[in-house]
$ cat entry01.pdb   # PDB, C-alpha atoms
ATOM      1  CA  MET A  22     393.188 102.932  92.589
ATOM      2  CA  ALA A  23     390.769 102.092  89.782
ATOM      3  CA  LEU A  24     391.284  98.411  90.535
ATOM      4  CA  ASP A  25     390.472  98.969  94.224
ATOM      5  CA  ARG A  26     387.260 100.743  93.266
ATOM      6  CA  LEU A  27     386.349  97.841  91.006
ATOM      7  CA  TYR A  28     386.911  95.337  93.844
ATOM      8  CA  ARG A  29     384.814  97.446  96.212
ATOM      9  CA  ARG A  30     382.027  97.744  93.666
ATOM     10  CA  GLU A  31     381.965  94.000  93.044
ATOM     11  CA  PHE A  32     381.988  93.248  96.766
ATOM     12  CA  THR A  33     379.207  95.785  97.388
ATOM     13  CA  LEU A  34     377.093  94.256  94.628
ATOM     14  CA  ALA A  35     377.652  90.737  95.972
ATOM     15  CA  PHE A  36     376.790  91.878  99.505
ATOM     16  CA  ILE A  37     373.600  93.654  98.427
ATOM     17  CA  LEU A  38     372.383  90.685  96.368
ATOM     18  CA  SER A  39     373.041  88.187  99.164
ATOM     19  CA  ALA A  40     371.492  90.505 101.780
ATOM     20  CA  LEU A  41     368.343  90.874  99.684
ATOM     21  CA  LEU A  42     368.160  87.103  99.242
ATOM     22  CA  THR A  43     368.610  86.515 102.977
ATOM     23  CA  LEU A  44     365.975  89.095 103.908
ATOM     24  CA  ALA A  45     363.600  87.517 101.396
ATOM     25  CA  LEU A  46     364.182  84.065 102.907
ATOM     26  CA  PHE A  47     363.754  85.344 106.463
ATOM     27  CA  TYR A  48     360.585  87.215 105.514
ATOM     28  CA  SER A  49     359.168  84.277 103.565
ATOM     29  CA  THR A  50     359.804  81.955 106.525
ATOM     30  CA  PHE A  51     357.048  83.782 108.401
ATOM     31  CA  GLU A  52     354.895  85.380 105.724
ATOM     32  CA  ILE A  53     354.522  82.648 103.098
ATOM     33  CA  PRO A  54     352.715  80.291 105.532
ATOM     34  CA  VAL A  55     350.208  83.032 106.353
ATOM     35  CA  ILE A  56     349.639  83.878 102.683
ATOM     36  CA  LEU A  57     349.223  80.229 101.728
ATOM     37  CA  ASP A  58     346.810  79.654 104.587
ATOM     38  CA  LYS A  59     344.529  82.442 103.418
ATOM     39  CA  ILE A  60     344.330  80.688 100.058
ATOM     40  CA  LEU A  61     344.093  77.079 101.241
ATOM     41  CA  VAL A  62     341.669  77.668 104.108
ATOM     42  CA  GLU A  63     338.929  78.339 101.574
ATOM     43  CA  TYR A  64     339.312  74.804 100.203
ATOM     44  CA  PHE A  65     340.134  72.968 103.438
ATOM     45  CA  PRO A  66     337.882  74.454 106.146
ATOM     46  CA  GLU A  67     337.843  73.757 109.889
ATOM     47  CA  VAL A  68     337.001  70.106 110.591
ATOM     48  CA  PHE A  69     338.877  69.649 113.863
ATOM     49  CA  PHE A  70     335.910  68.527 115.969
ATOM     50  CA  ASP A  71     333.942  66.758 113.257
ATOM     51  CA  VAL A  72     335.100  63.123 113.040
ATOM     52  CA  GLU A  73     333.104  62.371 109.905
ATOM     53  CA  ALA A  74     334.360  65.508 108.178
ATOM     54  CA  ILE A  75     337.947  64.646 109.124
ATOM     55  CA  GLU A  76     337.644  61.220 107.553
ATOM     56  CA  LYS A  77     336.056  62.725 104.462
ATOM     57  CA  VAL A  78     338.875  65.212 104.019
ATOM     58  CA  LEU A  79     341.426  62.486 104.724
ATOM     59  CA  SER A  80     339.929  60.349 101.962
ATOM     60  CA  ILE A  81     340.555  63.252  99.589
ATOM     61  CA  LEU A  82     344.044  64.032 100.851
ATOM     62  CA  ARG A  83     345.278  60.439 101.180
ATOM     63  CA  PRO A  84     345.972  59.801  97.465
ATOM     64  CA  ILE A  85     347.493  63.280  97.154
ATOM     65  CA  GLY A  86     349.734  62.726 100.161
ATOM     66  CA  TYR A  87     350.901  59.267  99.126
ATOM     67  CA  THR A  88     351.558  60.443  95.577
ATOM     68  CA  ALA A  89     353.481  63.509  96.768
ATOM     69  CA  PHE A  90     355.546  61.419  99.192
ATOM     70  CA  THR A  91     356.377  58.928  96.436
ATOM     71  CA  VAL A  92     357.418  61.716  94.054
ATOM     72  CA  VAL A  93     359.666  63.303  96.700
ATOM     73  CA  VAL A  94     361.361  59.983  97.491
ATOM     74  CA  ILE A  95     361.890  59.326  93.773
ATOM     75  CA  LEU A  96     363.414  62.799  93.359
ATOM     76  CA  ILE A  97     365.895  62.133  96.154
ATOM     77  CA  ILE A  98     366.851  58.661  94.951
ATOM     78  CA  LEU A  99     367.052  59.753  91.327
ATOM     79  CA  GLY A 100     369.233  62.697  92.310
ATOM     80  CA  PHE A 101     371.853  60.354  93.758
ATOM     81  CA  ILE A 102     371.600  57.798  90.966
ATOM     82  CA  VAL A 103     372.104  60.264  88.117
ATOM     83  CA  LYS A 104     374.303  62.533  90.272
ATOM     84  CA  LYS A 105     371.969  65.494  89.861
ATOM     85  CA  ILE A 106     372.576  67.463  93.048
ATOM     86  CA  SER A 107     369.654  69.813  92.444
ATOM     87  CA  LEU A 108     367.117  66.964  92.328
ATOM     88  CA  ALA A 109     368.199  65.459  95.643
ATOM     89  CA  PHE A 110     368.362  68.878  97.307
ATOM     90  CA  LEU A 111     364.925  69.805  95.940
ATOM     91  CA  GLY A 112     363.539  66.554  97.331
ATOM     92  CA  SER A 113     364.962  67.314 100.780
ATOM     93  CA  ILE A 114     363.366  70.763 100.788
ATOM     94  CA  ALA A 115     360.018  69.375  99.645
ATOM     95  CA  LEU A 116     360.039  66.769 102.411
ATOM     96  CA  TYR A 117     360.437  69.543 104.979
ATOM     97  CA  ILE A 118     357.693  71.816 103.614
ATOM     98  CA  PRO A 119     354.961  70.574 106.018
ATOM     99  CA  ILE A 120     356.874  72.036 108.965
ATOM    100  CA  PHE A 121     355.531  75.409 107.886
ATOM    101  CA  SER A 122     352.049  74.270 108.853
ATOM    102  CA  TYR A 123     353.205  74.683 112.454
ATOM    103  CA  PHE A 124     354.064  78.301 111.891
ATOM    104  CA  ALA A 125     350.544  79.476 111.262
ATOM    105  CA  PHE A 126     349.491  79.527 114.891
ATOM    106  CA  ALA A 127     345.845  79.956 113.994
ATOM    107  CA  MET A 128     345.952  76.814 111.872
ATOM    108  CA  PHE A 129     343.914  73.765 112.814
ATOM    109  CA  PHE A 130     344.280  70.152 111.748
ATOM    110  CA  LEU A 131     343.416  69.730 108.066
ATOM    111  CA  THR A 132     342.714  73.450 107.812
ATOM    112  CA  GLY A 133     344.516  75.820 105.530
ATOM    113  CA  LEU A 134     348.237  75.188 105.621
ATOM    114  CA  GLY A 135     347.687  71.968 107.537
ATOM    115  CA  VAL A 136     346.911  70.330 104.214
ATOM    116  CA  LEU A 137     350.650  70.322 103.524
ATOM    117  CA  ARG A 138     351.022  67.649 106.190
ATOM    118  CA  SER A 139     349.393  65.208 103.815
ATOM    119  CA  LEU A 140     352.907  64.738 102.441
ATOM    120  CA  TRP A 141     353.732  62.912 105.684
ATOM    121  CA  LEU A 142     350.583  60.739 105.675
ATOM    122  CA  PRO A 143     352.406  57.521 104.714
ATOM    123  CA  ILE A 144     354.588  57.883 107.816
ATOM    124  CA  ILE A 145     351.851  59.153 110.136
ATOM    125  CA  GLU A 146     349.374  56.443 109.219
ATOM    126  CA  LEU A 147     352.029  53.768 109.575
ATOM    127  CA  SER A 148     352.927  54.992 113.061
ATOM    128  CA  PRO A 149     353.228  58.574 114.346
ATOM    129  CA  SER A 150     355.840  57.402 116.860
ATOM    130  CA  ILE A 151     358.229  56.880 113.948
ATOM    131  CA  LEU A 152     358.667  60.646 113.934
ATOM    132  CA  LYS A 153     360.350  60.365 117.345
ATOM    133  CA  LEU A 154     363.274  58.473 115.888
ATOM    134  CA  GLY A 155     366.079  60.953 115.598
ATOM    135  CA  SER A 156     365.009  62.703 118.812
ATOM    136  CA  ILE A 157     368.627  62.692 119.985
ATOM    137  CA  VAL A 158     369.051  65.827 117.842
ATOM    138  CA  TYR A 159     367.220  67.741 120.591
ATOM    139  CA  LEU A 160     369.941  66.953 123.118
ATOM    140  CA  PRO A 161     371.706  70.340 122.890
ATOM    141  CA  PHE A 162     368.461  72.100 123.867
ATOM    142  CA  SER A 163     366.925  69.616 126.277
ATOM    143  CA  ILE A 164     368.170  71.718 129.213
ATOM    144  CA  VAL A 165     367.984  75.159 127.610
ATOM    145  CA  PRO A 166     365.166  77.493 128.721
ATOM    146  CA  TYR A 167     363.183  79.510 126.193
ATOM    147  CA  ALA A 168     363.906  76.979 123.443
ATOM    148  CA  PRO A 169     361.453  78.626 120.983
ATOM    149  CA  THR A 170     363.407  81.870 121.257
ATOM    150  CA  VAL A 171     366.658  79.969 120.823
ATOM    151  CA  GLY A 172     365.136  78.357 117.751
ATOM    152  CA  MET A 173     364.574  81.757 116.178
ATOM    153  CA  VAL A 174     368.150  82.754 117.018
ATOM    154  CA  ILE A 175     369.390  79.641 115.217
ATOM    155  CA  VAL A 176     367.221  80.517 112.224
ATOM    156  CA  PHE A 177     368.838  83.957 112.118
ATOM    157  CA  ILE A 178     372.359  82.510 112.484
ATOM    158  CA  GLY A 179     371.677  80.008 109.716
ATOM    159  CA  LEU A 180     370.443  82.702 107.373
ATOM    160  CA  SER A 181     373.407  84.936 108.278
ATOM    161  CA  ILE A 182     375.865  82.170 107.395
ATOM    162  CA  PHE A 183     373.953  81.566 104.197
ATOM    163  CA  SER A 184     374.100  85.287 103.419
ATOM    164  CA  PHE A 185     377.839  85.624 104.030
ATOM    165  CA  SER A 186     378.595  82.493 102.002
ATOM    166  CA  THR A 187     376.416  83.786  99.170
ATOM    167  CA  THR A 188     378.290  87.102  99.282
ATOM    168  CA  THR A 189     381.588  85.214  99.097
ATOM    169  CA  TRP A 190     380.406  83.002  96.254
ATOM    170  CA  LEU A 191     379.002  85.906  94.222
ATOM    171  CA  TYR A 192     382.139  87.961  94.737
ATOM    172  CA  GLY A 193     384.228  85.014  93.601
ATOM    173  CA  ARG A 194     382.077  84.634  90.499
ATOM    174  CA  PHE A 195     382.406  88.350  89.724
ATOM    175  CA  ARG A 196     386.188  87.995  90.051
ATOM    176  CA  SER A 197     386.120  84.844  87.864
ATOM    177  CA  TYR A 198     387.664  82.676  90.605
ATOM    178  CA  GLU A 199     387.540  78.971  89.803
ATOM    179  CA  LEU A 200     387.633  77.768  93.398
ATOM    180  CA  MET A 201     385.997  79.531  96.339
ATOM    181  CA  ASP A 202     388.516  79.056  99.150
ATOM    182  CA  PHE A 203     388.554  82.471 100.791
ATOM    183  CA  TRP A 204     386.565  84.328 103.497
ATOM    184  CA  ILE A 205     383.951  82.016 105.007
ATOM    185  CA  TYR A 206     385.015  79.180 102.676
ATOM    186  CA  ARG A 207     388.300  79.061 104.606
ATOM    187  CA  TYR A 208     386.396  77.691 107.600
ATOM    188  CA  SER A 209     383.755  75.563 105.906
ATOM    189  CA  ARG A 210     383.734  73.858 102.530
ATOM    190  CA  HIS A 211     379.936  74.039 102.388
ATOM    191  CA  PRO A 212     378.758  77.129 104.318
ATOM    192  CA  GLN A 213     375.581  77.514 102.259
ATOM    193  CA  TYR A 214     374.455  73.988 103.123
ATOM    194  CA  LEU A 215     375.461  74.654 106.730
ATOM    195  CA  GLY A 216     373.276  77.762 106.735
ATOM    196  CA  TYR A 217     370.347  75.750 105.371
ATOM    197  CA  ILE A 218     370.813  73.010 107.982
ATOM    198  CA  LEU A 219     370.934  75.533 110.848
ATOM    199  CA  TRP A 220     367.879  77.356 109.481
ATOM    200  CA  SER A 221     365.862  74.134 109.303
ATOM    201  CA  TYR A 222     367.098  73.060 112.747
ATOM    202  CA  GLY A 223     366.002  76.382 114.206
ATOM    203  CA  LEU A 224     362.499  75.801 112.863
ATOM    204  CA  LEU A 225     362.504  72.279 114.294
ATOM    205  CA  VAL A 226     363.525  73.497 117.758
ATOM    206  CA  PHE A 227     360.958  76.274 117.600
ATOM    207  CA  VAL A 228     357.968  74.071 116.781
ATOM    208  CA  SER A 229     359.054  71.217 119.035
ATOM    209  CA  TYR A 230     359.213  73.270 122.227
ATOM    210  CA  LYS A 231     356.435  75.730 121.483
ATOM    211  CA  THR A 232     353.397  75.570 123.730
ATOM    212  CA  TYR A 233     350.591  73.443 122.326
ATOM    213  CA  VAL A 234     348.994  74.653 119.142
ATOM    214  CA  ARG A 235     345.666  73.060 118.283
ATOM    215  CA  GLY A 236     345.975  70.661 115.405
ATOM    216  CA  ALA A 237     349.767  70.345 115.646
ATOM    217  CA  PHE A 238     351.282  66.892 115.925
ATOM    218  CA  THR A 239     352.193  65.967 119.474
ATOM    219  CA  THR A 240     355.217  64.134 118.085
ATOM    220  CA  PRO A 241     357.898  66.492 116.723
ATOM    221  CA  PRO A 242     359.211  65.438 113.293
ATOM    222  CA  ALA A 243     362.825  64.882 114.437
ATOM    223  CA  LEU A 244     363.276  61.918 112.099
ATOM    224  CA  LEU A 245     362.353  63.972 109.061
ATOM    225  CA  TRP A 246     364.854  66.679 109.971
ATOM    226  CA  LEU A 247     367.518  64.016 110.459
ATOM    227  CA  ILE A 248     366.791  62.453 107.066
ATOM    228  CA  ILE A 249     366.751  65.829 105.340
ATOM    229  CA  THR A 250     370.049  66.827 106.956
ATOM    230  CA  MET A 251     371.710  63.571 105.958
ATOM    231  CA  ILE A 252     370.466  64.049 102.393
ATOM    232  CA  VAL A 253     372.001  67.542 102.309
ATOM    233  CA  ILE A 254     375.280  66.131 103.640
ATOM    234  CA  GLY A 255     375.131  63.469 100.935
ATOM    235  CA  VAL A 256     374.540  66.165  98.327
ATOM    236  CA  ALA A 257     377.585  68.058  99.619
ATOM    237  CA  LEU A 258     379.726  64.910  99.424
ATOM    238  CA  LEU A 259     378.466  64.239  95.906
ATOM    239  CA  GLU A 260     379.363  67.798  94.976
ATOM    240  CA  GLU A 261     382.884  67.203  96.239
ATOM    241  CA  LEU A 262     383.326  64.267  93.887
ATOM    242  CA  LYS A 263     382.634  66.622  91.002
ATOM    243  CA  MET A 264     385.041  69.218  92.395
ATOM    244  CA  ILE A 265     387.815  66.636  92.769
ATOM    245  CA  LYS A 266     387.257  65.486  89.220
ATOM    246  CA  LYS A 267     387.343  69.074  87.969
ATOM    247  CA  TYR A 268     390.200  70.542  90.036
ATOM    248  CA  GLY A 269     392.138  67.461  91.114
ATOM    249  CA  GLU A 270     394.944  67.989  93.652
ATOM    250  CA  ARG A 271     394.066  71.643  94.082
ATOM    251  CA  TYR A 272     390.691  70.746  95.597
ATOM    252  CA  GLU A 273     392.186  67.822  97.533
ATOM    253  CA  GLU A 274     394.586  70.237  99.205
ATOM    254  CA  TYR A 275     391.669  72.547 100.002
ATOM    255  CA  ARG A 276     389.826  69.620 101.599
ATOM    256  CA  ARG A 277     392.811  68.782 103.786
ATOM    257  CA  ARG A 278     393.046  72.270 105.282
ATOM    258  CA  THR A 279     389.344  73.189 105.488
ATOM    259  CA  PRO A 280     386.628  71.507 107.632
ATOM    260  CA  PHE A 281     383.715  69.855 105.848
ATOM    261  CA  MET A 282     381.054  72.090 107.419
ATOM    262  CA  ILE A 283     381.849  73.054 111.016
ATOM    263  CA  PRO A 284     385.312  73.695 112.464
ATOM    264  CA  LEU A 285     385.641  71.208 115.328
ATOM    265  CA  PRO A 286     388.482  70.121 117.617
ATOM    266  CA  LYS A 287     390.477  67.293 116.047
ATOM    267  CA  PRO A 288     389.688  64.738 118.806
ATOM    268  CA  LEU A 289     385.958  65.326 118.303
ATOM    269  CA  THR A 290     386.352  65.157 114.522
ATOM    270  CA  LYS A 291     388.101  61.782 114.850
ATOM    271  CA  ILE A 292     385.248  60.421 116.976
ATOM    272  CA  ILE A 293     382.590  61.664 114.553
ATOM    273  CA  THR A 294     384.381  60.263 111.498
ATOM    274  CA  LEU A 295     385.187  56.922 113.147
ATOM    275  CA  PRO A 296     382.214  55.054 111.559
ATOM    276  CA  MET A 297     383.438  56.127 108.107
ATOM    277  CA  LYS A 298     386.286  53.626 108.396
ATOM    278  CA  ILE A 299     383.717  50.884 107.847
ATOM    279  CA  VAL A 300     383.049  52.214 104.341
ATOM    280  CA  GLY A 301     386.295  54.053 103.696
ATOM    281  CA  GLU A 302     387.608  57.445 104.778
ATOM    282  CA  CYS A 303     388.098  58.595 101.197
ATOM    283  CA  LEU A 304     384.694  58.393  99.540
ATOM    284  CA  LYS A 305     385.324  57.740  95.862
ATOM    285  CA  ASN A 306     381.867  57.140  94.367
ATOM    286  CA  THR A 307     378.131  57.578  94.867
ATOM    287  CA  LYS A 308     377.675  54.093  96.335
ATOM    288  CA  GLU A 309     380.136  54.797  99.125
ATOM    289  CA  ILE A 310     378.478  58.155  99.852
ATOM    290  CA  VAL A 311     375.037  56.540 100.071
ATOM    291  CA  ALA A 312     376.465  53.798 102.294
ATOM    292  CA  VAL A 313     377.972  56.370 104.687
ATOM    293  CA  ILE A 314     374.727  58.378 104.832
ATOM    294  CA  ILE A 315     372.695  55.246 105.592
ATOM    295  CA  LEU A 316     375.260  54.160 108.210
ATOM    296  CA  TYR A 317     375.216  57.455 110.110
ATOM    297  CA  THR A 318     371.432  57.751 109.876
ATOM    298  CA  THR A 319     371.052  54.233 111.270
ATOM    299  CA  ILE A 320     373.448  54.975 114.142
ATOM    300  CA  ILE A 321     371.618  58.173 115.114
ATOM    301  CA  ILE A 322     368.213  56.454 114.912
ATOM    302  CA  ALA A 323     369.489  53.594 117.072
ATOM    303  CA  ILE A 324     370.849  56.018 119.691
ATOM    304  CA  SER A 325     367.540  57.921 119.655
ATOM    305  CA  TYR A 326     365.557  54.699 120.111
ATOM    306  CA  ILE A 327     367.716  53.477 122.985
ATOM    307  CA  THR A 328     367.591  56.895 124.646
ATOM    308  CA  THR A 329     363.788  56.956 124.356
ATOM    309  CA  LEU A 330     363.531  53.507 125.979
ATOM    310  CA  ILE A 331     365.804  54.561 128.841
ATOM    311  CA  LEU A 332     363.810  57.731 129.503
ATOM    312  CA  GLU A 333     360.548  55.785 129.508
ATOM    313  CA  ILE A 334     361.987  53.371 132.067
TER     314      ILE A 334
END
$ encode --input "entry01.pdb" --output "C-alpha cells"
Amino acid sequence: MALDRLYRREFTLAFILSALLTLALFYSTFEIPVILDKILVEYFPEVFFDVEAIEKVLSILRPIGYTAFTVVVILIILGFIVKKISLAFLGSIALYIPIFSYFAFAMFFLTGLGVLRSLWLPIIELSPSILKLGSIVYLPFSIVPYAPTVGMVIVFIGLSIFSFSTTTWLYGRFRSYELMDFWIYRYSRHPQYLGYILWSYGLLVFVSYKTYVRGAFTTPPALLWLIITMIVIGVALLEELKMIKKYGERYEEYRRRTPFMIPLPKPLTKIITLPMKIVGECLKNTKEIVAVIILYTTIIIAISYITTLILEI
C-alpha cells in the first residue's frame, strides 16, 4: 500500500510538472510575441510606407541578420559534427523564431517583432521564392476549410503529446528507469520531438492560410519548416546512436517493436523508408545520418518544385 502511494505521488508530481511546462509553452506561444513587440517597437518604428526609411532600417538590420543566420547555421553543423544534440536542436529552434513575427497581428514590416525576420534576410534577399520550396508539406490541408483553426488544433495536439511524453519521462526518472519504453514511448521512440514538430507545423499552417496581415511575407516559409523538421529528425537519429552504444541489444529490441515517431501501416512505412536503402537501412554513424537527411530533404524539395510548376501550368 505504501508503495502504491509512492507511485501515485511520483506520477502526480510528474504530471503536474509537465502540465505546467505545457501551459507555459502554450501561453508563451501567444504572449511572448506581444511582450517582445512592445519592447522592440520602440526601437524599430513603423516604416511600412516610407521607402527611404525601409532601406535605412534594412542597412542596420542586414549585418545583424546575416551574422545571426551564419551563427545559427554554424550551431546546427557543429552540433552534428561534435555530436552535441542540444546545439543542433537549439539551432533549429532559432531558425524558426521569426515565425512569431506573424503572430502579432498588429505588426508591420520592420516594426516591433518584425525585426526578427532579419534572421531570414540572406534567403529573402537571394530570392523570396526559395521559401516556397517544401510547399508539398501543405498538401494535407490544401482542401481543408478553416485551416487557421486547424493549425491551432495541431498546436494543441503537439503540446499535448509533448506534455504526456514529458510526464512519462519524468515519472521514469523518478522511478530510476534506465530506458523509457512504457506509456507513450510504446508508440513512439521520440514523442517529445514529435510534439515539437506538430507544434511548429500548426504555427506554419496557421500563418500560411491566415487572411493577409500587413507586412507579412506573401510567401509562406515552408522550406524553413522542412529544414527545421529534418534537423530535428537528424537529432533524434543521432540520439539513437548514443542509446544503442549505451544499452546495446536492449535498445535495438526496443527499436524493432516501436515506431520511430508516428505509428504507420507497414506498407506506408516501407514506402517512406525506401530511399534509405541508398544510404543503408541501419544508420551507423553521423555521416550516414546527415546523408539520409540531405537525401530526404532534396526529394521533398524536388517534389515541391515539380508540383509548383504543374500548378502554374
$ residues_around --input "entry01.pdb" --residues "Pro143 of chain A" --least-positions-apart "5" --cutoff "12 Å" --atoms "all atoms listed in the file" --output "ChimeraX atom specification"
/A:82-91,94,138,148-149,151-152
$ residues_around --input "entry01.pdb" --residues "Tyr214 of chain A" --least-positions-apart "2" --cutoff "12 Å" --atoms "all atoms listed in the file" --output "VMD selection string"
chain A and resid 110 113 to 114 179 to 180 182 to 184 186 to 187 206 209 to 212 216 to 221 249 to 258 260 281 to 283
$ atom_distance --input "entry01.pdb" --atom1 "atom CA of Met264 of chain A" --atom2 "atom CA of Leu285 of chain A"
23.0 Å
$ resolve_selection --input "entry01.pdb" --expression "the PyMOL selection byres ((chain A and resi 174) around 12)" --output "list in words"
Phe47, Tyr167, Ala168, Pro169, Thr170, Val171, Gly172, Met173, Ile175, Val176, Phe177, Ile178, Gly179, Leu180, Ser181, Leu219, Trp220, Ser221, Tyr222, Gly223, Leu224, Val226 and Phe227 of chain A
$ closest_residue --input "entry01.pdb" --among "A:Glu261, A:Glu31, A:Asp58, A:Glu63" --to "Thr307 of chain A" --atoms "only C-alpha atoms"
A:Glu261
$ atom_distance --input "entry01.pdb" --atom1 "atom CA of Leu245 of chain A" --atom2 "atom CA of Pro296 of chain A"
21.9 Å
$ resolve_selection --input "entry01.pdb" --expression "the PyMOL selection byres ((chain A and resi 243) around 7)" --output "PyMOL selection string"
chain A and resi 152-156+241-242+244-247
$ axis_aligned_box --input "entry01.pdb" --around "segment 150-157 of chain A" --padding-each-side "4 Å" --output "JSON"
{"center_x": 362.2, "center_y": 59.8, "center_z": 117.0, "size_x": 20.8, "size_y": 13.8, "size_z": 14.1}
